[in-house]
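Content type mmCIF, C-alpha atoms, from the file structure.cif:
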data_final
#
loop_
_atom_site.label_atom_id
_atom_site.label_comp_id
_atom_site.auth_asym_id
_atom_site.auth_seq_id
_atom_site.Cartn_x
_atom_site.Cartn_y
_atom_site.Cartn_z
CA MET A 9 -120.58 -9.40 79.91
CA LYS A 10 -119.25 -5.91 80.53
CA TRP A 11 -116.30 -4.20 78.97
CA ARG A 12 -114.29 -1.01 78.70
CA ARG A 13 -112.45 -0.09 75.55
CA GLU A 14 -109.36 2.11 75.64
CA GLY A 15 -107.84 2.66 72.21
CA SER A 16 -106.24 -0.62 71.27
CA ARG A 17 -107.16 -2.54 74.46
CA ILE A 18 -110.46 -3.87 75.79
CA PHE A 19 -110.88 -4.97 79.42
CA ILE A 20 -113.70 -7.52 79.58
CA ARG A 21 -115.52 -9.00 82.57
CA LEU A 22 -117.63 -12.07 81.87
CA GLN A 23 -120.46 -12.72 84.28
CA LEU A 24 -121.89 -15.79 85.97
CA GLY A 25 -123.42 -17.98 83.26
CA ASP A 26 -121.79 -16.32 80.21
CA GLU A 27 -120.37 -18.90 77.79
CA VAL A 28 -116.77 -17.81 77.27
CA LEU A 29 -116.05 -18.19 73.54
CA SER A 30 -119.38 -16.86 72.28
CA SER A 31 -119.33 -13.95 74.74
CA LEU A 32 -115.83 -12.87 73.73
CA ALA A 33 -116.81 -13.15 70.06
CA GLU A 34 -119.87 -11.04 70.76
CA VAL A 35 -117.80 -8.29 72.39
CA ALA A 36 -115.52 -8.34 69.34
CA GLY A 37 -118.48 -8.12 66.98
CA ARG A 38 -120.08 -5.27 68.86
CA GLU A 39 -116.77 -3.38 68.90
CA GLY A 40 -116.16 -4.10 65.24
CA VAL A 41 -112.78 -5.75 65.78
CA SER A 42 -111.41 -9.03 64.39
CA GLY A 43 -107.75 -9.20 65.25
CA GLY A 44 -105.99 -9.34 68.59
CA TRP A 45 -104.71 -11.30 71.56
CA PHE A 46 -106.52 -12.40 74.74
CA SER A 47 -105.28 -13.16 78.23
CA GLY A 48 -107.69 -14.08 81.03
CA ILE A 49 -108.19 -15.61 84.46
CA GLY A 50 -111.14 -16.44 86.71
CA ALA A 51 -113.49 -19.36 87.32
CA ALA A 52 -115.73 -21.51 85.14
CA SER A 53 -117.75 -24.70 84.82
CA GLU A 54 -118.79 -27.00 81.95
CA VAL A 55 -115.24 -26.79 80.58
CA GLU A 56 -114.56 -28.81 77.45
CA LEU A 57 -110.93 -29.17 76.37
CA GLY A 58 -109.51 -30.46 73.10
CA TYR A 59 -106.39 -32.19 71.84
CA TYR A 60 -105.73 -32.16 68.10
CA HIS A 61 -104.63 -35.28 66.24
CA LEU A 62 -102.74 -33.97 63.25
CA ASP A 63 -102.74 -37.41 61.60
CA ARG A 64 -106.51 -37.81 61.59
CA LYS A 65 -107.29 -34.07 61.63
CA ASP A 66 -109.71 -34.32 64.49
CA TYR A 67 -109.91 -33.46 68.19
CA ASP A 68 -110.16 -35.65 71.26
CA ARG A 69 -112.42 -33.94 73.74
CA THR A 70 -112.33 -33.98 77.55
CA LEU A 71 -115.20 -32.68 79.64
CA VAL A 72 -113.86 -31.38 82.96
CA GLU A 73 -116.17 -32.12 85.90
CA GLY A 74 -117.42 -29.43 88.24
CA ASP A 75 -116.34 -25.89 88.93
CA VAL A 76 -112.73 -24.97 88.20
CA GLU A 77 -110.38 -22.03 88.36
CA PHE A 78 -109.11 -20.66 85.07
CA ALA A 79 -105.44 -20.68 86.05
CA SER A 80 -104.56 -19.41 82.58
CA ALA A 81 -106.39 -18.60 79.36
CA SER A 82 -104.83 -17.04 76.29
CA GLY A 83 -105.19 -16.95 72.56
CA SER A 84 -106.20 -14.96 69.56
CA LEU A 85 -109.04 -13.08 67.96
CA GLY A 86 -109.25 -13.65 64.22
CA LEU A 87 -111.63 -13.55 61.32
CA VAL A 88 -113.13 -16.69 59.72
CA ASP A 89 -115.62 -16.35 56.86
CA GLY A 90 -116.14 -12.70 57.75
CA LYS A 91 -116.94 -13.30 61.42
CA PRO A 92 -114.89 -12.83 64.61
CA PHE A 93 -113.33 -16.12 65.72
CA VAL A 94 -111.91 -16.72 69.20
CA HIS A 95 -109.11 -19.30 69.55
CA LEU A 96 -108.31 -19.91 73.22
CA HIS A 97 -106.22 -22.44 75.11
CA ALA A 98 -106.68 -22.81 78.84
CA VAL A 99 -105.29 -24.39 81.99
CA VAL A 100 -107.93 -25.09 84.62
CA SER A 101 -107.50 -26.28 88.22
CA ASP A 102 -109.71 -28.04 90.71
CA ARG A 103 -110.12 -27.75 94.48
CA GLU A 104 -106.91 -29.67 95.07
CA SER A 105 -105.09 -27.39 92.58
CA ILE A 106 -104.73 -30.25 90.09
CA THR A 107 -104.63 -28.97 86.52
CA ARG A 108 -105.96 -29.93 83.10
CA GLY A 109 -105.29 -28.06 79.87
CA GLY A 110 -105.77 -27.80 76.14
CA HIS A 111 -107.73 -26.19 73.34
CA LEU A 112 -110.87 -24.60 74.75
CA PHE A 113 -114.14 -25.71 73.14
CA ARG A 114 -116.54 -24.42 75.75
CA ALA A 115 -116.73 -22.99 79.26
CA VAL A 116 -119.38 -21.24 81.31
CA THR A 117 -118.27 -18.35 83.50
CA GLY A 118 -118.28 -18.93 87.26
CA ALA A 119 -117.94 -16.13 89.83
CA THR A 120 -116.04 -14.00 87.33
CA LEU A 121 -113.67 -14.08 84.39
CA GLU A 122 -111.39 -11.14 83.66
CA PHE A 123 -109.89 -10.73 80.20
CA VAL A 124 -107.78 -8.22 78.39
CA LEU A 125 -107.92 -8.09 74.60
CA LEU A 126 -104.99 -6.39 72.89
CA LEU A 127 -106.19 -5.30 69.46
CA ALA A 128 -104.30 -5.66 66.22
CA ASP A 129 -104.47 -2.73 63.79
CA GLY A 130 -106.73 -4.76 61.53
CA PRO A 131 -108.32 -8.19 61.07
CA ILE A 132 -106.22 -11.35 61.36
CA GLU A 133 -107.75 -13.59 58.74
CA ARG A 134 -107.76 -17.35 59.18
CA THR A 135 -108.10 -19.55 56.12
CA ARG A 136 -108.23 -23.27 55.54
CA ASP A 137 -104.88 -25.05 55.44
CA GLU A 138 -105.05 -28.45 53.76
CA GLU A 139 -101.85 -29.84 55.31
CA THR A 140 -103.11 -29.43 58.89
CA GLY A 141 -106.87 -29.40 58.35
CA LEU A 142 -107.17 -26.18 60.38
CA ASN A 143 -107.97 -22.54 59.73
CA LEU A 144 -104.59 -20.86 60.18
CA TRP A 145 -103.49 -17.24 60.54
CA ARG A 146 -102.79 -15.38 57.32
CA VAL A 147 -100.17 -13.11 58.84
CA MET B 4 -92.41 -18.91 60.27
CA LYS B 5 -94.50 -15.99 59.15
CA TRP B 6 -95.16 -12.71 60.90
CA ARG B 7 -96.79 -9.33 60.70
CA ARG B 8 -95.34 -6.35 62.48
CA GLU B 9 -97.56 -3.47 63.60
CA GLY B 10 -95.64 -0.76 65.41
CA SER B 11 -94.77 -2.22 68.79
CA ARG B 12 -96.44 -5.64 68.28
CA ILE B 13 -95.52 -8.61 66.11
CA PHE B 14 -98.01 -11.42 65.39
CA ILE B 15 -96.06 -14.59 64.61
CA ARG B 16 -97.21 -17.92 63.22
CA LEU B 17 -94.76 -20.79 63.53
CA GLN B 18 -95.16 -23.59 61.04
CA LEU B 19 -95.02 -27.37 61.20
CA GLY B 20 -91.44 -28.34 62.03
CA ASP B 21 -90.18 -24.92 63.20
CA GLU B 22 -88.20 -25.17 66.42
CA VAL B 23 -89.84 -22.65 68.74
CA LEU B 24 -87.02 -20.83 70.55
CA SER B 25 -84.68 -20.49 67.58
CA SER B 26 -87.53 -19.42 65.29
CA LEU B 27 -88.73 -16.69 67.66
CA ALA B 28 -85.14 -15.50 68.09
CA GLU B 29 -84.76 -15.42 64.31
CA VAL B 30 -87.88 -13.26 63.90
CA ALA B 31 -86.49 -10.89 66.54
CA GLY B 32 -83.13 -10.73 64.80
CA ARG B 33 -84.66 -10.07 61.40
CA GLU B 34 -86.84 -7.32 62.86
CA GLY B 35 -83.90 -5.84 64.78
CA VAL B 36 -85.60 -6.06 68.20
CA SER B 37 -84.26 -7.40 71.50
CA GLY B 38 -86.75 -6.50 74.20
CA GLY B 39 -90.34 -7.55 74.72
CA TRP B 40 -92.89 -10.05 75.98
CA PHE B 41 -94.31 -13.17 74.30
CA SER B 42 -97.59 -14.99 74.72
CA GLY B 43 -98.46 -18.02 72.60
CA ILE B 44 -100.64 -21.11 72.12
CA GLY B 45 -100.78 -24.02 69.68
CA ALA B 46 -99.35 -27.49 69.35
CA ALA B 47 -95.85 -28.99 69.47
CA SER B 48 -93.72 -32.10 69.79
CA GLU B 49 -90.21 -32.89 71.11
CA VAL B 50 -90.90 -30.66 74.12
CA GLU B 51 -88.11 -30.41 76.66
CA LEU B 52 -88.93 -28.74 79.99
CA GLY B 53 -86.59 -27.58 82.74
CA TYR B 54 -86.62 -27.07 86.48
CA TYR B 55 -83.88 -24.94 88.01
CA HIS B 56 -82.05 -26.02 91.16
CA LEU B 57 -80.88 -22.80 92.72
CA ASP B 58 -78.58 -24.65 95.13
CA ARG B 59 -76.60 -26.44 92.43
CA LYS B 60 -77.26 -23.85 89.71
CA ASP B 61 -78.35 -26.41 87.18
CA TYR B 62 -81.52 -27.64 85.50
CA ASP B 63 -83.34 -30.95 85.69
CA ARG B 64 -84.74 -31.73 82.26
CA THR B 65 -87.91 -33.61 81.29
CA LEU B 66 -88.56 -34.77 77.76
CA VAL B 67 -92.32 -34.85 77.12
CA GLU B 68 -93.38 -37.79 74.93
CA GLY B 69 -95.41 -37.34 71.78
CA ASP B 70 -97.50 -34.49 70.42
CA VAL B 71 -98.92 -32.01 72.89
CA GLU B 72 -101.01 -28.87 72.98
CA PHE B 73 -99.30 -25.69 74.12
CA ALA B 74 -101.93 -24.73 76.69
CA SER B 75 -99.83 -21.70 77.61
CA ALA B 76 -96.50 -20.21 76.65
CA SER B 77 -95.18 -16.87 77.83
CA GLY B 78 -91.95 -15.09 78.52
CA SER B 79 -89.50 -12.49 77.46
CA LEU B 80 -87.29 -11.35 74.64
CA GLY B 81 -83.96 -10.05 75.86
CA LEU B 82 -80.40 -9.49 74.77
CA VAL B 83 -77.48 -11.71 75.84
CA ASP B 84 -73.98 -11.04 74.52
CA GLY B 85 -75.45 -8.82 71.82
CA LYS B 86 -77.90 -11.42 70.49
CA PRO B 87 -81.69 -11.81 70.92
CA PHE B 88 -82.47 -14.30 73.67
CA VAL B 89 -85.90 -15.92 74.15
CA HIS B 90 -86.88 -16.99 77.69
CA LEU B 91 -90.14 -18.97 77.63
CA HIS B 92 -92.04 -21.04 80.15
CA ALA B 93 -94.79 -23.35 78.96
CA VAL B 94 -97.65 -25.57 80.05
CA VAL B 95 -98.32 -28.45 77.68
CA SER B 96 -101.18 -30.96 77.68
CA ASP B 97 -101.67 -34.44 76.27
CA ARG B 98 -104.66 -36.24 74.73
CA GLU B 99 -106.21 -36.74 78.15
CA SER B 100 -105.67 -33.03 78.94
CA ILE B 101 -103.03 -33.88 81.54
CA THR B 102 -100.48 -31.09 81.89
CA ARG B 103 -96.74 -30.67 82.37
CA GLY B 104 -94.92 -27.38 82.74
CA GLY B 105 -91.68 -25.51 83.24
CA HIS B 106 -88.83 -23.66 81.60
CA LEU B 107 -88.86 -24.37 77.87
CA PHE B 108 -85.60 -25.72 76.43
CA ARG B 109 -86.91 -26.94 73.11
CA ALA B 110 -90.11 -27.63 71.17
CA VAL B 111 -90.95 -28.33 67.55
CA THR B 112 -94.09 -26.72 66.15
CA GLY B 113 -97.03 -29.02 65.42
CA ALA B 114 -100.07 -27.99 63.37
CA THR B 115 -99.52 -24.36 64.33
CA LEU B 116 -98.26 -22.04 67.03
CA GLU B 117 -99.59 -18.50 67.32
CA PHE B 118 -97.59 -15.89 69.21
CA VAL B 119 -97.82 -12.23 69.93
CA LEU B 120 -94.66 -10.31 70.79
CA LEU B 121 -95.16 -6.98 72.58
CA LEU B 122 -92.04 -4.94 72.00
CA ALA B 123 -90.22 -2.87 74.57
CA ASP B 124 -88.92 0.53 73.46
CA GLY B 125 -85.38 -0.82 73.50
CA PRO B 126 -83.29 -3.88 74.35
CA ILE B 127 -83.72 -5.66 77.69
CA GLU B 128 -80.19 -6.71 78.52
CA ARG B 129 -79.52 -9.86 80.51
CA THR B 130 -76.23 -10.19 82.35
CA ARG B 131 -74.68 -12.84 84.55
CA ASP B 132 -75.79 -12.84 88.18
CA GLU B 133 -73.39 -14.73 90.46
CA GLU B 134 -75.89 -15.32 93.28
CA THR B 135 -78.32 -17.25 91.08
CA GLY B 136 -76.02 -18.45 88.31
CA LEU B 137 -78.41 -17.06 85.68
CA ASN B 138 -78.47 -14.24 83.16
CA LEU B 139 -80.98 -11.81 84.69
CA TRP B 140 -82.79 -8.76 83.39
CA ARG B 141 -80.98 -5.46 83.76
CA VAL B 142 -84.16 -3.40 84.07
CA MET C 6 -87.63 -5.57 92.98
CA LYS C 7 -86.44 -3.57 90.01
CA TRP C 8 -88.44 -2.14 87.17
CA ARG C 9 -88.39 -0.05 84.01
CA ARG C 10 -91.38 1.97 82.94
CA GLU C 11 -91.98 2.78 79.28
CA GLY C 12 -95.16 4.75 78.73
CA SER C 13 -97.99 2.30 79.28
CA ARG C 14 -95.81 -0.75 80.09
CA ILE C 15 -93.66 -1.65 83.08
CA PHE C 16 -91.09 -4.45 82.95
CA ILE C 17 -90.56 -5.77 86.49
CA ARG C 18 -87.94 -8.13 87.87
CA LEU C 19 -88.62 -9.54 91.32
CA GLN C 20 -85.61 -10.66 93.30
CA LEU C 21 -84.81 -13.62 95.52
CA GLY C 22 -87.01 -13.37 98.60
CA ASP C 23 -89.52 -10.79 97.30
CA GLU C 24 -93.12 -11.79 98.08
CA VAL C 25 -94.88 -11.62 94.72
CA LEU C 26 -98.26 -9.98 95.36
CA SER C 27 -97.07 -7.34 97.80
CA SER C 28 -94.04 -6.49 95.63
CA LEU C 29 -96.14 -6.02 92.50
CA ALA C 30 -98.60 -3.88 94.46
CA GLU C 31 -95.70 -1.82 95.77
CA VAL C 32 -94.39 -1.17 92.25
CA ALA C 33 -97.91 -0.09 91.24
CA GLY C 34 -98.18 2.23 94.24
CA ARG C 35 -94.79 3.80 93.64
CA GLU C 36 -95.66 4.36 89.97
CA GLY C 37 -99.10 5.73 90.86
CA VAL C 38 -101.00 3.20 88.72
CA SER C 39 -104.04 1.07 89.59
CA GLY C 40 -105.28 -0.54 86.40
CA GLY C 41 -103.63 -3.03 84.07
CA TRP C 42 -102.74 -6.58 83.16
CA PHE C 43 -99.79 -8.74 84.31
CA SER C 44 -98.02 -11.66 82.70
CA GLY C 45 -95.04 -13.31 84.35
CA ILE C 46 -92.72 -16.32 84.55
CA GLY C 47 -89.85 -17.44 86.78
CA ALA C 48 -89.35 -19.42 89.96
CA ALA C 49 -90.77 -19.26 93.48
CA SER C 50 -91.27 -21.01 96.80
CA GLU C 51 -93.89 -20.88 99.60
CA VAL C 52 -96.61 -20.89 96.94
CA GLU C 53 -100.18 -20.87 98.25
CA LEU C 54 -102.95 -21.52 95.74
CA GLY C 55 -106.70 -21.05 96.11
CA TYR C 56 -109.92 -22.52 94.75
CA TYR C 57 -113.11 -20.53 95.22
CA HIS C 58 -116.32 -22.21 96.39
CA LEU C 59 -119.06 -20.00 95.03
CA ASP C 60 -121.70 -21.72 97.17
CA ARG C 61 -119.98 -21.01 100.48
CA LYS C 62 -118.11 -17.92 99.26
CA ASP C 63 -114.79 -19.08 100.58
CA TYR C 64 -111.49 -20.47 99.30
CA ASP C 65 -109.85 -23.85 99.72
CA ARG C 66 -106.12 -23.31 100.03
CA THR C 67 -103.23 -25.54 98.92
CA LEU C 68 -99.68 -24.96 100.07
CA VAL C 69 -97.27 -26.18 97.40
CA GLU C 70 -94.14 -27.80 98.84
CA GLY C 71 -90.65 -26.72 97.91
CA ASP C 72 -89.26 -24.65 95.08
CA VAL C 73 -91.24 -24.50 91.85
CA GLU C 74 -91.13 -22.93 88.43
CA PHE C 75 -93.78 -20.34 87.63
CA ALA C 76 -94.85 -21.90 84.33
CA SER C 77 -97.47 -19.17 83.97
CA ALA C 78 -98.74 -16.22 85.98
CA SER C 79 -101.28 -13.70 84.76
CA GLY C 80 -103.95 -11.39 86.04
CA SER C 81 -104.98 -7.87 86.76
CA LEU C 82 -104.05 -4.74 88.62
CA GLY C 83 -107.08 -3.01 90.11
CA LEU C 84 -108.11 -0.64 92.86
CA VAL C 85 -109.84 -1.76 96.07
CA ASP C 86 -110.67 0.80 98.76
CA GLY C 87 -108.31 3.27 97.13
CA LYS C 88 -105.29 0.93 97.08
CA PRO C 89 -103.65 -1.06 94.26
CA PHE C 90 -104.86 -4.67 94.29
CA VAL C 91 -103.11 -7.49 92.42
CA HIS C 92 -105.25 -10.46 91.29
CA LEU C 93 -103.05 -13.24 89.91
CA HIS C 94 -103.62 -16.85 88.90
CA ALA C 95 -100.64 -19.13 88.42
CA VAL C 96 -99.53 -22.52 87.17
CA VAL C 97 -96.46 -23.85 88.95
CA SER C 98 -94.36 -26.92 88.17
CA ASP C 99 -92.02 -29.12 90.15
CA ARG C 100 -88.78 -30.92 89.30
CA GLU C 101 -90.69 -33.64 87.43
CA SER C 102 -92.62 -30.93 85.53
CA ILE C 103 -95.85 -31.83 87.33
CA THR C 104 -98.15 -28.83 87.60
CA ARG C 105 -100.52 -27.26 90.12
CA GLY C 106 -102.62 -24.17 89.56
CA GLY C 107 -105.16 -21.70 90.86
CA HIS C 108 -105.71 -18.33 92.47
CA LEU C 109 -102.43 -17.05 93.90
CA PHE C 110 -102.49 -16.12 97.59
CA ARG C 111 -98.78 -15.95 98.19
CA ALA C 112 -95.39 -16.78 96.66
CA VAL C 113 -91.80 -15.88 97.42
CA THR C 114 -89.53 -15.17 94.48
CA GLY C 115 -86.84 -17.76 93.72
CA ALA C 116 -83.93 -17.16 91.34
CA THR C 117 -85.96 -14.58 89.43
CA LEU C 118 -89.44 -13.61 88.34
CA GLU C 119 -89.98 -11.53 85.22
CA PHE C 120 -93.24 -9.65 84.75
CA VAL C 121 -94.69 -7.25 82.28
CA LEU C 122 -97.51 -4.95 83.39
CA LEU C 123 -99.62 -3.43 80.62
CA LEU C 124 -101.26 -0.32 82.02
CA ALA C 125 -104.84 0.75 81.55
CA ASP C 126 -105.49 4.44 80.93
CA GLY C 127 -106.91 4.76 84.43
CA PRO C 128 -107.84 2.78 87.55
CA ILE C 129 -109.89 -0.41 87.29
CA GLU C 130 -112.04 -0.25 90.38
CA ARG C 131 -113.18 -3.43 92.13
CA THR C 132 -116.24 -3.28 94.34
CA ARG C 133 -118.10 -5.82 96.44
CA ASP C 134 -120.54 -8.04 94.57
CA GLU C 135 -123.10 -9.68 96.85
CA GLU C 136 -124.02 -12.51 94.47
CA THR C 137 -120.48 -13.88 94.29
CA GLY C 138 -119.01 -12.54 97.53
CA LEU C 139 -116.03 -11.11 95.63
CA ASN C 140 -114.68 -7.70 94.69
CA LEU C 141 -115.36 -7.55 90.95
CA TRP C 142 -114.22 -5.25 88.15
CA ARG C 143 -116.31 -2.16 87.57
CA VAL C 144 -115.53 -1.96 83.86
#
Structure rendered as structure tokens:
Amino acid sequence: MKWRREGSRIFIRLQLGDEVLSSLAEVAGREGVSGGWFSGIGAASEVELGYYHLDRKDYDRTLVEGDVEFASASGSLGLVDGKPFVHLHAVVSDRESITRGGHLFRAVTGATLEFVLLLADGPIERTRDEETGLNLWRV
Amino acid sequence: MKWRREGSRIFIRLQLGDEVLSSLAEVAGREGVSGGWFSGIGAASEVELGYYHLDRKDYDRTLVEGDVEFASASGSLGLVDGKPFVHLHAVVSDRESITRGGHLFRAVTGATLEFVLLLADGPIERTRDEETGLNLWRV
Amino acid sequence: MKWRREGSRIFIRLQLGDEVLSSLAEVAGREGVSGGWFSGIGAASEVELGYYHLDRKDYDRTLVEGDVEFASASGSLGLVDGKPFVHLHAVVSDRESITRGGHLFRAVTGATLEFVLLLADGPIERTRDEETGLNLWRV
């Protein structure tokens, strides 16, 4: 991955083969930031999407076949147990422009992925919430 | 809902049961802001989506069954008749990652919804446009 | 199109009949900017979406019938061969809220399209990358 930081924004280009969530977390770690908002587009493969069942506090997972466009990706940078945590949702599309979407568990960058990260002034901590079973923003 | 304001950005977490549009408008009202741009992700239920017919100046409405992920939500904060007005479009996805999308009329927050609101320097007024039958930005 | 610039942000309203990509590039040119990030929603027609085949370095194209909502549009403003270049991906939805998505080649504004453009401090140059066959960010 490559990136350019400008004050409170970072423009990030992921490269062929970069896993999306870990790469974005690595950029955050290397820049020393743990709060912000992502928006991105591009192409990827090995996309795994999730759907959360609030009643059983667990995700259904869908593995999307083949190469897809990232028609939309957005979400937050936070801090869980002292480490940068990336929470992204995505809409992906196939060669017939048919879409799938959900919580993003994993994706491997295709030709390119372009992201902007708008930084918060400080960390956005996420802590365990018993009612939902998730780590939620402590804003 | 809970939020943290930092200069020209507000990070907002909606909570289980919060109606999305009215809650975001309430945050805006309580912060005294009426211009800006939203981006958000999370989960919701009771989602009602719209499609605008320009010829008859009216919306078709689709009620999406069950709990869904908000794969994408974005749009603007403006001012209509002196009150904050939230204009969001969304893409939602079900347990098989199948998506629906459109103009957002209503949604009730599920486990969580995370939003960022990037504030404009001042209000973005919306006024009636006869050609389209909509309240449009006066930028 | 109409727009309001505020420091490092431009709020843009496209009007009925404006082609999206060329209009956004024209705003950028007239404001003398060539780096940034777009997010937008609204309605459009004559939407042409693309899917990139990395192996043959070419796009499949899908022409979406009729009028659609722009449920999501996002992407970057860059500089190619000295001129502003708009790279958008979109998710569009029809009257039954069924979605299509991908790389945006063309769209004509319907009732309205609202965009925000968050400016980078300087140009984001895109140059030819032989491995992918695309003009990629030089960040």
Chain B residues near chain C (8 Å cut-off, only C-alpha atoms) as a tab-separated table (two decimals) with C-alpha atoms, in the coordinates of the input:
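New file part_13.tsv:
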chain	number	residue	atom	x	y	z
B	40	TRP	CA	-92.89	-10.05	75.98
B	52	LEU	CA	-88.93	-28.74	79.99
B	53	GLY	CA	-86.59	-27.58	82.74
B	54	TYR	CA	-86.62	-27.07	86.48
B	55	TYR	CA	-83.88	-24.94	88.01
B	57	LEU	CA	-80.88	-22.80	92.72
B	63	ASP	CA	-83.34	-30.95	85.69
B	65	THR	CA	-87.91	-33.61	81.29
B	75	SER	CA	-99.83	-21.70	77.61
B	76	ALA	CA	-96.50	-20.21	76.65
B	77	SER	CA	-95.18	-16.87	77.83
B	78	GLY	CA	-91.95	-15.09	78.52
B	79	SER	CA	-89.50	-12.49	77.46
B	91	LEU	CA	-90.14	-18.97	77.63
B	92	HIS	CA	-92.04	-21.04	80.15
B	93	ALA	CA	-94.79	-23.35	78.96
B	94	VAL	CA	-97.65	-25.57	80.05
B	102	THR	CA	-100.48	-31.09	81.89
B	103	ARG	CA	-96.74	-30.67	82.37
B	104	GLY	CA	-94.92	-27.38	82.74
B	105	GLY	CA	-91.68	-25.51	83.24
B	106	HIS	CA	-88.83	-23.66	81.60
B	123	ALA	CA	-90.22	-2.87	74.57
B	124	ASP	CA	-88.92	0.53	73.46
B	135	THR	CA	-78.32	-17.25	91.08
B	137	LEU	CA	-78.41	-17.06	85.68
B	139	LEU	CA	-80.98	-11.81	84.69
B	140	TRP	CA	-82.79	-8.76	83.39
B	142	VAL	CA	-84.16	-3.40	84.07
Shell of 10 Å around Glu29 of chain B, all atoms listed in the file, local chain residues under 6 positions omitted, as a PyMOL selection string: chain B and resi 4+23+35+87-89
Ground truth for the PyMOL selection byres ((chain A and resi 115) around 7), written as a VMD selection string: chain A and resid 27 to 28 52 to 56 114 116 to 117
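With only C-alpha atoms as the atoms that count, the residue of C:Arg131, C:His92, C:Asn140, C:Asp86 with the shortest distance to Phe110 of chain C is C:His92.
You will find atom CA of Ser39 of chain C at 7.6 Å from atom CA of Lys88 of chain C.
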d(atom CA of Leu107 of chain B, atom CA of Glu70 of chain C) in Å: 21.9 Å
Atomic separation - atom CA of Leu26 of chain C relative to atom CA of Gly87 of chain C, Å: 16.7 Å
Do you know which residues the PyMOL selection byres ((chain A and resi 41) around 9) returns on this file, as a PDB file with C-alpha atoms, in the frame of the given file?
ATOM      1  CA  VAL A  35    -117.800  -8.290  72.390  1.00  0.00           C
ATOM      2  CA  ALA A  36    -115.520  -8.340  69.340  1.00  0.00           C
ATOM      3  CA  GLY A  37    -118.480  -8.120  66.980  1.00  0.00           C
ATOM      4  CA  ARG A  38    -120.080  -5.270  68.860  1.00  0.00           C
ATOM      5  CA  GLU A  39    -116.770  -3.380  68.900  1.00  0.00           C
ATOM      6  CA  GLY A  40    -116.160  -4.100  65.240  1.00  0.00           C
ATOM      7  CA  SER A  42    -111.410  -9.030  64.390  1.00  0.00           C
ATOM      8  CA  GLY A  43    -107.750  -9.200  65.250  1.00  0.00           C
ATOM      9  CA  GLY A  44    -105.990  -9.340  68.590  1.00  0.00           C
ATOM     10  CA  LEU A  85    -109.040 -13.080  67.960  1.00  0.00           C
ATOM     11  CA  GLY A  86    -109.250 -13.650  64.220  1.00  0.00           C
ATOM     12  CA  PRO A  92    -114.890 -12.830  64.610  1.00  0.00           C
ATOM     13  CA  LEU A 127    -106.190  -5.300  69.460  1.00  0.00           C
ATOM     14  CA  ALA A 128    -104.300  -5.660  66.220  1.00  0.00           C
ATOM     15  CA  GLY A 130    -106.730  -4.760  61.530  1.00  0.00           C
ATOM     16  CA  PRO A 131    -108.320  -8.190  61.070  1.00  0.00           C
TER      17      PRO A 131
END
